[in-house]
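*Asks:* Sharing structure-v5.txt (compact mmCIF, C-alpha atoms) below.
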# COMPACT_ATOMS: atom_id res chain seq x y z
CA MET A 1265 17.61 -18.58 34.22
CA ASN A 1266 16.33 -15.08 33.78
CA SER A 1267 15.62 -13.28 36.98
CA THR A 1268 12.55 -11.07 36.85
CA LEU A 1269 12.96 -7.50 38.00
CA VAL A 1270 10.23 -6.52 40.39
CA THR A 1271 9.51 -2.86 40.94
CA GLY A 1272 6.69 -2.11 43.35
CA ASN A 1273 3.93 -4.57 42.55
CA THR A 1274 4.46 -4.66 38.79
CA CYS A 1275 7.01 -6.65 36.83
CA ALA A 1276 9.27 -4.84 34.42
CA PRO A 1277 8.59 -5.99 30.85
CA GLU A 1278 11.07 -8.47 29.40
CA LEU A 1279 11.34 -6.40 26.24
CA ARG A 1280 11.12 -2.66 26.57
CA HIS A 1281 11.63 -1.47 23.03
CA LEU A 1282 9.03 -2.76 20.61
CA THR A 1283 8.36 -2.03 16.95
CA LEU A 1284 4.77 -2.70 15.96
CA GLY A 1285 3.58 -2.72 12.37
CA MET A 1286 0.26 -1.30 11.23
CA LEU A 1287 -1.67 -0.20 8.16
CA PRO A 1288 -3.31 3.23 8.13
CA LEU A 1289 -6.86 1.92 8.70
CA ASN A 1290 -9.56 2.71 11.23
CA ASP A 1291 -8.86 -0.43 13.18
CA ALA A 1292 -5.28 0.58 13.95
CA ALA A 1293 -6.76 3.31 16.18
CA PRO A 1294 -6.07 1.49 19.50
CA LEU A 1295 -2.36 1.37 18.67
CA VAL A 1296 -2.21 5.03 17.66
CA VAL A 1297 -4.20 6.19 20.70
CA ALA A 1298 -2.05 4.10 23.04
CA LEU A 1299 1.06 5.70 21.57
CA GLU A 1300 -0.22 9.28 21.52
CA ASN A 1301 -1.74 9.14 25.01
CA GLY A 1302 1.29 7.47 26.51
CA TYR A 1303 -0.46 4.21 27.52
CA PHE A 1304 2.52 2.19 26.29
CA GLY A 1305 4.80 4.37 28.40
CA ASP A 1306 2.58 3.78 31.45
CA GLU A 1307 3.30 0.08 31.08
CA GLY A 1308 7.02 0.67 30.86
CA LEU A 1309 7.14 0.11 27.10
CA ASP A 1310 8.93 2.11 24.49
CA VAL A 1311 6.91 1.44 21.33
CA SER A 1312 7.45 2.73 17.84
CA LEU A 1313 4.82 2.18 15.18
CA SER A 1314 5.88 1.28 11.67
CA VAL A 1315 3.25 2.28 9.11
CA GLU A 1316 3.24 -0.15 6.17
CA THR A 1317 1.25 -0.03 2.94
CA SER A 1318 0.39 -3.66 2.25
CA TRP A 1319 -0.45 -6.83 4.18
CA ALA A 1320 2.45 -8.49 2.38
CA GLY A 1321 4.71 -5.81 3.82
CA LEU A 1322 3.54 -6.59 7.37
CA ARG A 1323 4.03 -10.30 6.78
CA ASP A 1324 7.59 -9.73 5.54
CA GLY A 1325 8.33 -7.50 8.54
CA MET A 1326 7.09 -10.16 10.97
CA GLN A 1327 8.78 -13.08 9.25
CA LEU A 1328 12.10 -11.27 8.85
CA GLY A 1329 12.05 -10.21 12.49
CA LEU A 1330 11.96 -6.51 11.66
CA LEU A 1331 8.68 -6.15 13.58
CA ASP A 1332 7.95 -7.45 17.08
CA GLY A 1333 4.22 -7.42 16.55
CA ALA A 1334 1.65 -6.16 14.06
CA GLN A 1335 -1.97 -5.43 13.37
CA MET A 1336 -2.86 -8.18 10.92
CA LEU A 1337 -5.83 -9.75 9.23
CA ALA A 1338 -6.98 -12.50 11.55
CA LEU A 1339 -6.16 -15.26 9.05
CA MET A 1340 -2.64 -14.14 8.19
CA PRO A 1341 -0.84 -15.42 11.29
CA LEU A 1342 -2.66 -18.74 11.03
CA ALA A 1343 -1.43 -19.04 7.45
CA SER A 1344 2.03 -17.97 8.56
CA THR A 1345 2.12 -20.54 11.36
CA LEU A 1346 1.08 -23.24 8.90
CA GLY A 1347 3.66 -22.11 6.34
CA LEU A 1348 1.02 -21.23 3.74
CA ASP A 1349 1.93 -17.55 3.52
CA GLY A 1350 5.64 -16.96 3.14
CA ARG A 1351 8.16 -18.55 5.45
CA ALA A 1352 6.63 -20.80 8.13
CA THR A 1353 6.74 -18.57 11.21
CA PRO A 1354 4.71 -19.44 14.30
CA MET A 1355 2.73 -16.51 15.69
CA ILE A 1356 0.33 -16.02 18.55
CA SER A 1357 -2.54 -13.60 19.01
CA ALA A 1358 -2.10 -10.92 21.63
CA MET A 1359 -5.53 -9.33 21.31
CA THR A 1360 -8.45 -8.95 18.93
CA LEU A 1361 -8.83 -5.40 17.69
CA ASN A 1362 -12.34 -5.65 16.29
CA LEU A 1363 -15.14 -7.87 15.07
CA GLY A 1364 -17.02 -7.55 11.79
CA GLY A 1365 -17.10 -4.18 10.08
CA ASN A 1366 -16.81 -5.37 6.48
CA ALA A 1367 -19.47 -5.18 3.81
CA ILE A 1368 -20.23 -6.36 0.28
CA THR A 1369 -20.76 -3.68 -2.36
CA VAL A 1370 -21.74 -4.11 -6.01
CA SER A 1371 -21.71 -1.60 -8.85
CA GLN A 1372 -24.88 0.37 -9.55
CA THR A 1373 -25.19 -1.40 -12.91
CA LEU A 1374 -24.96 -4.86 -11.37
CA TYR A 1375 -27.40 -3.86 -8.65
CA GLU A 1376 -29.96 -2.84 -11.26
CA ARG A 1377 -29.50 -6.11 -13.13
CA MET A 1378 -29.98 -8.06 -9.91
CA LEU A 1379 -33.18 -6.10 -9.23
CA GLU A 1380 -34.49 -6.85 -12.71
CA HIS A 1381 -34.15 -10.56 -12.03
CA ASP A 1382 -35.72 -10.42 -8.64
CA PRO A 1383 -37.38 -7.09 -7.78
CA GLY A 1384 -38.62 -8.13 -4.35
CA ALA A 1385 -35.80 -10.30 -3.17
CA MET A 1386 -33.06 -7.88 -2.24
CA GLN A 1387 -33.98 -8.00 1.44
CA THR A 1388 -31.68 -10.73 2.74
CA PRO A 1389 -28.09 -11.70 1.89
CA VAL A 1390 -29.27 -15.11 0.66
CA ALA A 1391 -31.87 -13.59 -1.67
CA GLN A 1392 -29.25 -11.17 -2.97
CA ALA A 1393 -26.80 -13.98 -3.68
CA LYS A 1394 -29.54 -15.87 -5.51
CA ALA A 1395 -30.34 -12.79 -7.61
CA LEU A 1396 -26.64 -12.55 -8.43
CA ALA A 1397 -26.64 -16.21 -9.46
CA ARG A 1398 -29.38 -15.42 -11.98
CA VAL A 1399 -27.38 -12.52 -13.42
CA ILE A 1400 -24.37 -14.81 -13.75
CA GLU A 1401 -26.48 -17.47 -15.49
CA MET A 1402 -27.86 -14.87 -17.91
CA GLN A 1403 -24.34 -13.60 -18.57
CA ARG A 1404 -23.21 -17.13 -19.36
CA GLN A 1405 -26.10 -17.72 -21.77
CA THR A 1406 -25.35 -14.53 -23.66
CA GLY A 1407 -21.64 -15.29 -23.74
CA GLY A 1408 -20.69 -12.20 -21.72
CA PRO A 1409 -17.46 -11.97 -19.69
CA LYS A 1410 -17.32 -13.34 -16.14
CA LEU A 1411 -18.21 -10.91 -13.38
CA ARG A 1412 -15.28 -9.73 -11.34
CA PHE A 1413 -15.27 -9.44 -7.53
CA ALA A 1414 -12.44 -8.34 -5.26
CA ASN A 1415 -11.27 -8.82 -1.71
CA VAL A 1416 -8.24 -7.53 0.17
CA TYR A 1417 -5.80 -10.42 0.59
CA PRO A 1418 -5.69 -14.18 -0.02
CA PHE A 1419 -5.65 -14.81 3.76
CA SER A 1420 -8.47 -12.53 4.90
CA SER A 1421 -11.90 -13.00 6.40
CA HIS A 1422 -13.11 -10.77 3.53
CA ARG A 1423 -12.28 -13.49 1.05
CA TYR A 1424 -14.13 -16.17 2.99
CA LEU A 1425 -17.12 -13.90 3.70
CA LEU A 1426 -17.40 -13.23 0.01
CA ARG A 1427 -17.04 -16.87 -0.96
CA TYR A 1428 -19.51 -18.01 1.69
CA TRP A 1429 -22.05 -15.42 0.59
CA LEU A 1430 -21.65 -16.38 -3.09
CA ALA A 1431 -22.06 -20.05 -2.22
CA THR A 1432 -25.35 -19.39 -0.40
CA GLY A 1433 -26.74 -18.31 -3.78
CA GLY A 1434 -25.41 -21.45 -5.44
CA ILE A 1435 -22.47 -19.63 -7.06
CA ASP A 1436 -19.17 -21.47 -7.40
CA PRO A 1437 -16.58 -18.81 -6.52
CA GLU A 1438 -13.84 -20.70 -8.35
CA ASN A 1439 -15.56 -21.02 -11.70
CA ASP A 1440 -18.63 -18.82 -11.99
CA LEU A 1441 -16.81 -15.53 -11.57
CA GLU A 1442 -13.36 -14.05 -11.30
CA LEU A 1443 -12.05 -13.33 -7.80
CA ARG A 1444 -9.26 -10.80 -7.47
CA VAL A 1445 -7.23 -9.10 -4.77
CA VAL A 1446 -7.28 -5.31 -5.08
CA PRO A 1447 -5.80 -2.82 -2.58
CA PRO A 1448 -8.77 -1.17 -0.82
CA PRO A 1449 -7.88 2.41 -1.84
CA LEU A 1450 -8.17 1.35 -5.50
CA MET A 1451 -11.45 -0.54 -5.16
CA ALA A 1452 -13.97 2.29 -5.53
CA TYR A 1453 -12.05 3.64 -8.51
CA GLN A 1454 -12.04 0.23 -10.19
CA LEU A 1455 -15.77 -0.14 -9.56
CA GLU A 1456 -16.34 3.22 -11.23
CA SER A 1457 -14.17 2.37 -14.19
CA ARG A 1458 -15.94 -1.01 -14.53
CA LYS A 1459 -12.86 -3.08 -13.85
CA LEU A 1460 -14.75 -4.56 -10.91
CA ASP A 1461 -18.40 -5.52 -10.43
CA GLY A 1462 -18.28 -5.85 -6.68
CA TYR A 1463 -16.09 -6.29 -3.60
CA CYS A 1464 -15.89 -7.15 0.06
CA VAL A 1465 -13.94 -4.63 2.11
CA GLY A 1466 -13.98 -2.59 5.35
CA GLU A 1467 -14.95 1.04 5.60
CA PRO A 1468 -14.76 3.68 4.22
CA TRP A 1469 -14.58 1.96 0.82
CA ASN A 1470 -18.19 0.74 0.79
CA ARG A 1471 -19.73 4.03 1.78
CA LEU A 1472 -17.43 5.90 -0.58
CA ALA A 1473 -18.74 4.06 -3.64
CA ALA A 1474 -22.32 4.46 -2.39
CA SER A 1475 -21.96 8.19 -1.75
CA ARG A 1476 -20.68 8.69 -5.28
CA GLY A 1477 -23.69 6.85 -6.65
CA GLN A 1478 -21.39 4.22 -8.19
CA GLY A 1479 -22.11 1.33 -5.87
CA ARG A 1480 -24.75 -0.21 -3.63
CA VAL A 1481 -23.90 -1.74 -0.27
CA LEU A 1482 -25.71 -5.09 -0.18
CA CYS A 1483 -24.98 -6.44 3.27
CA GLY A 1484 -22.65 -6.02 6.20
CA SER A 1485 -20.42 -8.86 7.31
CA PHE A 1486 -22.43 -9.21 10.51
CA ASP A 1487 -25.35 -10.45 8.39
CA ILE A 1488 -23.13 -13.19 6.96
CA TRP A 1489 -20.98 -14.17 9.91
CA GLY A 1490 -21.91 -12.56 13.22
CA GLY A 1491 -18.83 -11.39 15.10
CA GLU A 1492 -16.20 -12.58 12.66
CA PRO A 1493 -12.75 -11.68 13.99
CA ARG A 1494 -11.30 -9.14 11.61
CA LYS A 1495 -7.99 -7.74 12.80
CA ASN A 1496 -5.77 -8.90 15.60
CA ILE A 1497 -2.46 -7.88 17.02
CA TRP A 1498 -0.08 -10.76 16.57
CA CYS A 1499 3.43 -11.35 17.73
CA ALA A 1500 6.06 -13.91 16.85
CA ARG A 1501 5.66 -17.07 18.90
CA SER A 1502 9.31 -16.87 19.80
CA LEU A 1503 8.27 -13.93 21.98
CA GLY A 1504 5.32 -15.83 23.37
CA PRO A 1505 6.67 -17.88 26.28
CA ALA A 1506 9.02 -15.09 27.34
CA VAL A 1507 6.52 -12.26 27.14
CA PRO A 1508 3.25 -12.89 28.94
CA MET B 430 17.72 -17.25 -22.04
CA ALA B 431 17.59 -13.97 -20.20
CA ILE B 432 15.34 -13.64 -17.15
CA ARG B 433 12.26 -11.59 -18.02
CA VAL B 434 11.66 -8.89 -15.42
CA LEU B 435 8.61 -6.70 -14.86
CA ILE B 436 9.09 -3.47 -12.86
CA VAL B 437 6.20 -2.02 -10.86
CA ASP B 438 7.06 1.47 -9.71
CA THR B 439 5.47 4.91 -9.70
CA LYS B 440 8.70 6.90 -9.70
CA ASN B 441 9.69 7.44 -13.27
CA GLU B 442 13.30 8.51 -12.83
CA ARG B 443 14.03 5.62 -10.53
CA SER B 444 12.45 2.95 -12.68
CA GLN B 445 14.27 4.21 -15.75
CA ALA B 446 17.58 3.96 -13.94
CA LEU B 447 16.68 0.49 -12.65
CA GLU B 448 15.63 -0.63 -16.11
CA GLN B 449 18.99 0.40 -17.48
CA ALA B 450 20.94 -1.16 -14.63
CA LEU B 451 19.09 -4.48 -15.00
CA ALA B 452 19.61 -4.49 -18.75
CA GLU B 453 23.33 -3.93 -18.25
CA ALA B 454 23.40 -6.88 -15.85
CA GLY B 455 21.90 -9.08 -18.57
CA PHE B 456 18.23 -9.08 -17.54
CA ASP B 457 15.43 -8.54 -19.99
CA VAL B 458 13.07 -5.86 -18.66
CA VAL B 459 9.77 -6.62 -20.37
CA SER B 460 7.84 -3.63 -19.08
CA THR B 461 7.55 -0.99 -16.40
CA VAL B 462 4.05 -0.37 -15.09
CA ASP B 463 2.55 1.64 -12.27
CA GLU B 464 -0.14 1.30 -9.65
CA GLN B 465 -3.09 1.92 -11.95
CA ASP B 466 -2.25 -0.83 -14.41
CA ASP B 467 -4.25 -4.03 -14.36
CA LEU B 468 -1.65 -6.43 -12.98
CA TYR B 469 -3.80 -9.48 -13.72
CA VAL B 470 -3.80 -8.65 -17.42
CA THR B 471 -0.16 -7.52 -17.46
CA MET B 472 1.06 -10.71 -15.77
CA GLU B 473 -1.02 -12.90 -18.05
CA GLU B 474 0.23 -11.18 -21.19
CA LEU B 475 3.89 -10.71 -20.34
CA GLN B 476 4.44 -13.81 -18.18
CA PRO B 477 7.54 -12.40 -16.49
CA ASP B 478 9.94 -14.65 -14.55
CA ALA B 479 10.39 -11.98 -11.92
CA VAL B 480 8.76 -8.80 -10.69
CA ILE B 481 10.62 -5.99 -8.94
CA VAL B 482 8.16 -3.83 -7.06
CA ASP B 483 8.47 -0.74 -4.91
CA ALA B 484 7.77 -2.17 -1.45
CA ALA B 485 5.70 0.90 -0.61
CA LEU B 486 3.00 0.07 -3.16
CA PRO B 487 -0.27 -1.47 -1.92
CA SER B 488 -0.42 -3.44 -5.21
CA ARG B 489 1.95 -5.94 -3.63
CA ASP B 490 -1.12 -7.68 -2.23
CA THR B 491 -2.37 -8.29 -5.78
CA LEU B 492 0.98 -9.92 -6.62
CA GLU B 493 0.55 -12.11 -3.53
CA HIS B 494 -2.75 -13.36 -4.90
CA LEU B 495 -1.23 -14.03 -8.32
CA GLY B 496 1.57 -15.95 -6.61
CA GLN B 497 -1.08 -18.17 -5.02
CA LEU B 498 -2.77 -18.86 -8.35
CA GLY B 499 -0.26 -21.24 -9.81
CA ARG B 500 3.26 -22.23 -10.71
CA ARG B 501 3.74 -19.90 -13.62
CA TYR B 502 3.29 -16.81 -11.45
CA PRO B 503 6.25 -15.40 -9.52
CA LYS B 504 6.21 -15.98 -5.76
CA PRO B 505 7.23 -13.55 -3.02
CA MET B 506 10.93 -13.65 -2.30
CA ILE B 507 10.35 -14.67 1.31
CA MET B 508 8.78 -17.89 0.06
CA LEU B 509 11.66 -19.18 -2.04
CA ALA B 510 12.25 -22.86 -1.48
CA GLU B 511 15.96 -22.42 -1.68
CA GLU B 512 16.29 -19.72 0.83
CA GLU B 513 19.94 -19.11 1.38
CA THR B 514 19.47 -15.39 1.26
CA PRO B 515 17.73 -14.21 4.44
CA ASP B 516 20.20 -11.33 4.82
CA LEU B 517 19.60 -10.26 1.26
CA THR B 518 15.84 -10.34 1.79
CA GLN B 519 16.23 -8.12 4.85
CA GLN B 520 18.55 -5.78 3.03
CA ALA B 521 16.08 -5.51 0.15
CA THR B 522 13.19 -4.81 2.53
CA ARG B 523 15.17 -2.03 4.17
CA ALA B 524 15.96 -0.51 0.77
CA GLY B 525 12.26 -0.61 -0.17
CA VAL B 526 12.66 -3.32 -2.82
CA SER B 527 10.28 -6.27 -3.06
CA ALA B 528 10.79 -9.10 -5.48
CA TYR B 529 8.63 -11.90 -6.81
CA VAL B 530 10.30 -14.72 -8.68
CA VAL B 531 9.37 -18.03 -10.25
CA ASP B 532 10.86 -21.19 -8.75
CA SER B 533 13.05 -21.97 -11.71
CA ILE B 534 15.44 -19.01 -11.45
CA SER B 535 18.77 -19.95 -9.91
CA PRO B 536 19.59 -18.40 -6.52
CA ALA B 537 22.68 -16.77 -8.04
CA LEU B 538 20.58 -14.91 -10.59
CA VAL B 539 18.06 -13.87 -7.93
CA ARG B 540 20.93 -12.50 -5.88
CA SER B 541 22.35 -10.59 -8.80
CA MET B 542 18.95 -9.14 -9.73
CA LEU B 543 18.33 -8.07 -6.15
CA ASN B 544 21.76 -6.52 -5.72
CA VAL B 545 21.27 -4.43 -8.84
CA SER B 546 17.81 -3.34 -7.68
CA ILE B 547 18.89 -2.53 -4.13
CA SER B 548 21.78 -0.38 -5.24
CA SER B 549 19.57 1.35 -7.80
CA PHE B 550 16.95 2.18 -5.15
CA GLU B 551 19.60 3.29 -2.69
CA SER B 552 21.40 5.60 -5.06
CA PHE B 553 18.06 7.14 -6.03
CA ARG B 554 17.31 7.80 -2.39
CA ALA B 555 20.76 9.26 -1.76
CA LEU B 556 20.31 11.56 -4.75
CA LYS B 557 16.91 12.73 -3.50
CA GLY B 558 18.32 13.29 -0.02
CA GLU B 559 21.11 15.43 -1.39
CA LEU B 560 18.68 17.44 -3.48
CA SER B 561 16.39 18.20 -0.57
CA ARG B 562 19.37 19.21 1.58
CA THR B 563 20.55 21.57 -1.15
CA GLN B 564 17.06 23.01 -1.47
CA GLU B 565 16.90 23.51 2.28
CA THR B 566 20.23 25.30 2.33
CA LEU B 567 19.04 27.52 -0.50
CA SER B 568 15.82 28.47 1.24
CA GLN B 569 17.74 29.14 4.47
CA ARG B 570 20.11 31.36 2.54
CA ARG B 571 17.20 33.34 1.15
CA ALA B 572 15.61 33.86 4.57
CA ILE B 573 18.91 35.10 5.99
CA ASP B 574 19.38 37.50 3.08
CA ARG B 575 15.92 38.97 3.50
CA ALA B 576 16.35 39.44 7.23
CA LYS B 577 19.73 41.04 6.60
CA ALA B 578 18.25 43.47 4.08
CA MET B 579 15.57 44.38 6.60
CA ILE B 580 18.15 45.15 9.31
CA MET B 581 20.23 47.19 6.87
CA GLU B 582 17.19 49.30 6.12
CA MET B 583 15.91 49.62 9.70
CA HIS B 584 19.26 50.48 11.29
CA GLY B 585 20.99 52.09 8.37
CA LEU B 586 23.78 49.50 8.50
CA GLY B 587 26.05 48.19 5.79
CA GLU B 588 25.81 44.58 4.67
CA ASP B 589 28.72 43.32 6.75
CA ALA B 590 27.62 45.16 9.86
CA ALA B 591 24.08 43.84 9.50
CA TYR B 592 25.37 40.29 9.20
CA GLN B 593 27.68 40.72 12.22
CA TYR B 594 24.73 42.07 14.20
CA MET B 595 22.63 39.03 13.32
CA ARG B 596 25.45 36.66 14.13
CA LYS B 597 26.03 38.23 17.54
CA THR B 598 22.31 38.28 18.39
CA ALA B 599 21.91 34.66 17.32
CA MET B 600 24.91 33.62 19.43
CA ASN B 601 23.60 35.50 22.46
CA ARG B 602 20.24 33.84 22.09
CA ARG B 603 21.74 30.42 21.40
CA MET B 604 20.01 29.99 18.08
CA THR B 605 21.21 29.61 14.52
CA ILE B 606 21.28 32.62 12.19
CA HIS B 607 18.57 30.96 10.14
CA GLU B 608 16.29 30.56 13.16
CA LEU B 609 16.84 34.20 14.06
CA ALA B 610 16.11 35.27 10.49
CA GLN B 611 12.89 33.30 10.48
CA GLU B 612 11.80 34.80 13.75
CA LEU B 613 12.55 38.30 12.53
CA LEU B 614 10.65 37.74 9.33
CA SER B 615 7.64 36.25 11.06
CA VAL B 616 7.50 39.04 13.69
CA THR B 617 7.50 41.69 11.01
CA GLY B 618 4.94 39.77 8.97
CA ASN B 619 7.51 39.30 6.26
CA LYS B 620 7.13 35.68 5.23
CA GLY B 621 10.32 33.75 4.69
CA LYS B 622 11.04 31.83 1.48
Starting from the file, give its structure as structure tokens.

*Replies:*
Amino acid sequence: MNSTLVTGNTCAPELRHLTLGMLPLNDAAPLVVALENGYFGDEGLDVSLSVETSWAGLRDGMQLGLLDGAQMLALMPLASTLGLDGRATPMISAMTLNLGGNAITVSQTLYERMLEHDPGAMQTPVAQAKALARVIEMQRQTGGPKLRFANVYPFSSHRYLLRYWLATGGIDPENDLELRVVPPPLMAYQLESRKLDGYCVGEPWNRLAASRGQGRVLCGSFDIWGGEPRKNIWCARSLGPAVP
Amino acid sequence: MAIRVLIVDTKNERSQALEQALAEAGFDVVSTVDEQDDLYVTMEELQPDAVIVDAALPSRDTLEHLGQLGRRYPKPMIMLAEEETPDLTQQATRAGVSAYVVDSISPALVRSMLNVSISSFESFRALKGELSRTQETLSQRRAIDRAKAMIMEMHGLGEDAAYQYMRKTAMNRRMTIHELAQELLSVTGNKGK
């Protein structure tokens, strides 16, 4: 049996040295602030942050045991626990970092085409999706290529937000258009160079396209799914029972 | 039939060396592309059996999606059914190598491909490390020379005497000669480099 060290009225943490993975995004701010302001130290923890560049990189780090915890898309650890994403590795959520904060953006060209089909109906997400459905139908009749939309990772709320929104307009996300995964920093560029017609992503990539006049932000994720959990900090379940 | 490998890397020198090393080990490198390429089109056209990608590239997430799309697309290494290589996967991750492979490649070939890639990435890093150390030494050397010239001028000393003076002062102040030189140069508004 492990004996628990008691100092004063607080328990010493079972693990002192922790490596936490993160991506350089706005929602990693709590981790960075906690490190810089010494909040981890106040709790008796010695934390180092490992800055990764892809969600796949964080998943590998968690599943290979190189990371003790990580900021992840809320769906990733569920997929990991179920063995759908990489090696089946049970994980538990330590805290939710934020809710919502994503948006759907389309290219200026597509926006204008949607307006043509339904000038007055761009007010609600459902009306927008229906206008998009008409553009897709027109595209099909004229034999044009499928429209191309992007999200950030197969196991992300972005993907499901996008699919749900498309479906409200009667669009079949599997067949009526092409869904891709594009790293967020490349999205605005691909919208500009017409490799993409739209995407669902967090900030600043919606506003960036809008401020350059290349894209129009249609709706925020809150309009589609109020309070959707976006990013959580997750740790390996093997740590779970031992580390409250 | 040789395994068809696609390399995704933005560092030209490194990918060229890797391409050569893989070819020597009997792999068929079908193409080397970088971040801006359309991986959906590339993968469809070239249909590689394996992809070696710089683990630091965000495009990995696109490869993840492709891996989910169907059997003919390579899957992330961590997902291999026949996973007898957890150490190798860790080693590769540490070296900054990520691999995606189709199910049908034998574990022995995966191992060989990874070993070649890891050692190629590592020797590239070692080379870069050595270069930056050499450059640092050079720039330190220059700062020391400039500070020495300044002292020679200010105190009318010969080269040796000026150097001895700097050495003694640095020792007394428990700093390296380079640190002293930098301080001298910055105090007199004479920028190092």

*Asks:* Tell me, as number ranges by chain, which residues lie within 10 Å of stretch 609-619 of chain B, counting all atoms listed in the file; anything in the same chain fewer than 3 positions away does not count.

*Replies:* B: 569-577, 579-580, 595-596, 598-600, 602-606, 622

*Asks:* Against chain A, which residues of chain B fall within 9 Å? For each one I want the closest pair of atoms and the distance in Å (one decimal), counting all atoms listed in the file, rows by chain and increasing residue number, as JSON lines.

*Replies:*
{"residue": "B:Gln465", "atom": "CA", "partner": "A:Leu1450", "partner_atom": "CA", "distance": 8.2}
{"residue": "B:Asp467", "atom": "CA", "partner": "A:Lys1459", "partner_atom": "CA", "distance": 8.7}
{"residue": "B:Tyr469", "atom": "CA", "partner": "A:Arg1444", "partner_atom": "CA", "distance": 8.4}
{"residue": "B:Ala484", "atom": "CA", "partner": "A:Gly1321", "partner_atom": "CA", "distance": 7.1}
{"residue": "B:Ala485", "atom": "CA", "partner": "A:Thr1317", "partner_atom": "CA", "distance": 5.8}
{"residue": "B:Leu486", "atom": "CA", "partner": "A:Thr1317", "partner_atom": "CA", "distance": 6.3}
{"residue": "B:Pro487", "atom": "CA", "partner": "A:Ser1318", "partner_atom": "CA", "distance": 4.8}
{"residue": "B:Ser488", "atom": "CA", "partner": "A:Pro1447", "partner_atom": "CA", "distance": 6.0}
{"residue": "B:Arg489", "atom": "CA", "partner": "A:Ser1318", "partner_atom": "CA", "distance": 6.5}
{"residue": "B:Asp490", "atom": "CA", "partner": "A:Ala1320", "partner_atom": "CA", "distance": 5.9}
{"residue": "B:Thr491", "atom": "CA", "partner": "A:Val1445", "partner_atom": "CA", "distance": 5.0}
{"residue": "B:Leu492", "atom": "CA", "partner": "A:Val1445", "partner_atom": "CA", "distance": 8.5}
{"residue": "B:Glu493", "atom": "CA", "partner": "A:Ala1320", "partner_atom": "CA", "distance": 7.2}
{"residue": "B:His494", "atom": "CA", "partner": "A:Pro1418", "partner_atom": "CA", "distance": 5.8}
{"residue": "B:Leu495", "atom": "CA", "partner": "A:Val1445", "partner_atom": "CA", "distance": 8.5}
{"residue": "B:Gln497", "atom": "CA", "partner": "A:Pro1418", "partner_atom": "CA", "distance": 7.9}
{"residue": "B:Lys504", "atom": "CA", "partner": "A:Gly1350", "partner_atom": "CA", "distance": 9.0}
{"residue": "B:Pro505", "atom": "CA", "partner": "A:Gly1350", "partner_atom": "CA", "distance": 7.2}
{"residue": "B:Met506", "atom": "CA", "partner": "A:Gly1350", "partner_atom": "CA", "distance": 8.3}
{"residue": "B:Ile507", "atom": "CA", "partner": "A:Gly1350", "partner_atom": "CA", "distance": 5.5}
{"residue": "B:Met508", "atom": "CA", "partner": "A:Gly1350", "partner_atom": "CA", "distance": 4.5}
{"residue": "B:Leu509", "atom": "CA", "partner": "A:Gly1350", "partner_atom": "CA", "distance": 8.2}
{"residue": "B:Pro515", "atom": "CA", "partner": "A:Leu1328", "partner_atom": "CA", "distance": 7.7}
{"residue": "B:Thr518", "atom": "CA", "partner": "A:Leu1328", "partner_atom": "CA", "distance": 8.0}
{"residue": "B:Gln519", "atom": "CA", "partner": "A:Leu1328", "partner_atom": "CA", "distance": 6.6}
{"residue": "B:Thr522", "atom": "CA", "partner": "A:Asp1324", "partner_atom": "CA", "distance": 8.0}
{"residue": "B:Ser527", "atom": "CA", "partner": "A:Gly1321", "partner_atom": "CA", "distance": 8.9}

*Asks:* Go ahead and compute the interatomic distance for atom CA of A:Leu1441 and atom CA of B:Arg500, in Å to one decimal.

*Replies:*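 Separating atom CA of A:Leu1441 from atom CA of B:Arg500 is a distance of 21.2 Å.
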
*Asks:* Considering only C-alpha atoms, return as a list of chain:residue names whatever protein or nucleic-acid residues lie within 9 Å of A:Ala1414, sequence-local ones (same chain, fewer than 5 positions apart) excluded.

*Replies:* A:Arg1423, A:Leu1426, A:Glu1442, A:Leu1443, A:Arg1444, A:Val1445, A:Val1446, A:Met1451, A:Leu1460, A:Asp1461, A:Gly1462, A:Tyr1463, A:Cys1464, A:Val1465

*Asks:* Quick check, in Å to one decimal: how far apart do atom CA of A:Glu1456 and atom CA of A:Ala1473 lie?

*Replies:*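 Value for the atom CA of A:Glu1456-atom CA of A:Ala1473 distance: 8.0 Å.
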
*Asks:* Rounded to one decimal, what separation in Å do you get between atom CA of A:Pro1468 and atom CA of B:Asp463?

*Replies:* 24.0 Å

*Asks:* Contacts of A:Ala1452 at 8 Å or less, counting only C-alpha atoms, minus same-chain residues fewer than 5 places along, as a PyMOL selection string?

*Replies:* chain A and resi 1469-1470+1472-1473

*Asks:* So that I can see what lies close to stretch 1363-1370 of chain A, please list as a PyMOL selection string the residues with an atom at most 10 Å from it, counting all atoms listed in the file and leaving out residues fewer than 5 positions away in the same chain.

*Replies:* chain A and resi 1291+1375-1376+1378+1389+1413-1415+1421-1422+1425-1426+1429+1452+1455+1460-1471+1473-1474+1478-1496

*Asks:* Emit as JSON the padded axis-aligned box for all listed atoms of stretch 571-582 of chain B, 8 Å per side, with centre and edge lengths in Å to one decimal.

*Replies:*
{"center_x": 17.9, "center_y": 41.3, "center_z": 5.2, "size_x": 20.7, "size_y": 32.0, "size_z": 24.2}

*Asks:* Just checking: using all atoms listed in the file, which residue out of A:Leu1279, A:Leu1331, A:Val1399, A:Leu1361 ends up closest to A:Glu1307?

*Replies:*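 Under the stated criterion, the closest residue is A:Leu1279.
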
*Asks:* Under the rule that all atoms listed in the file are counted, which of B:Ser535, B:Ser561, B:Ser549, B:Asn601 is the nearest residue to B:Glu442?

*Replies:*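 Smallest separation from B:Glu442 among the options: B:Ser549.
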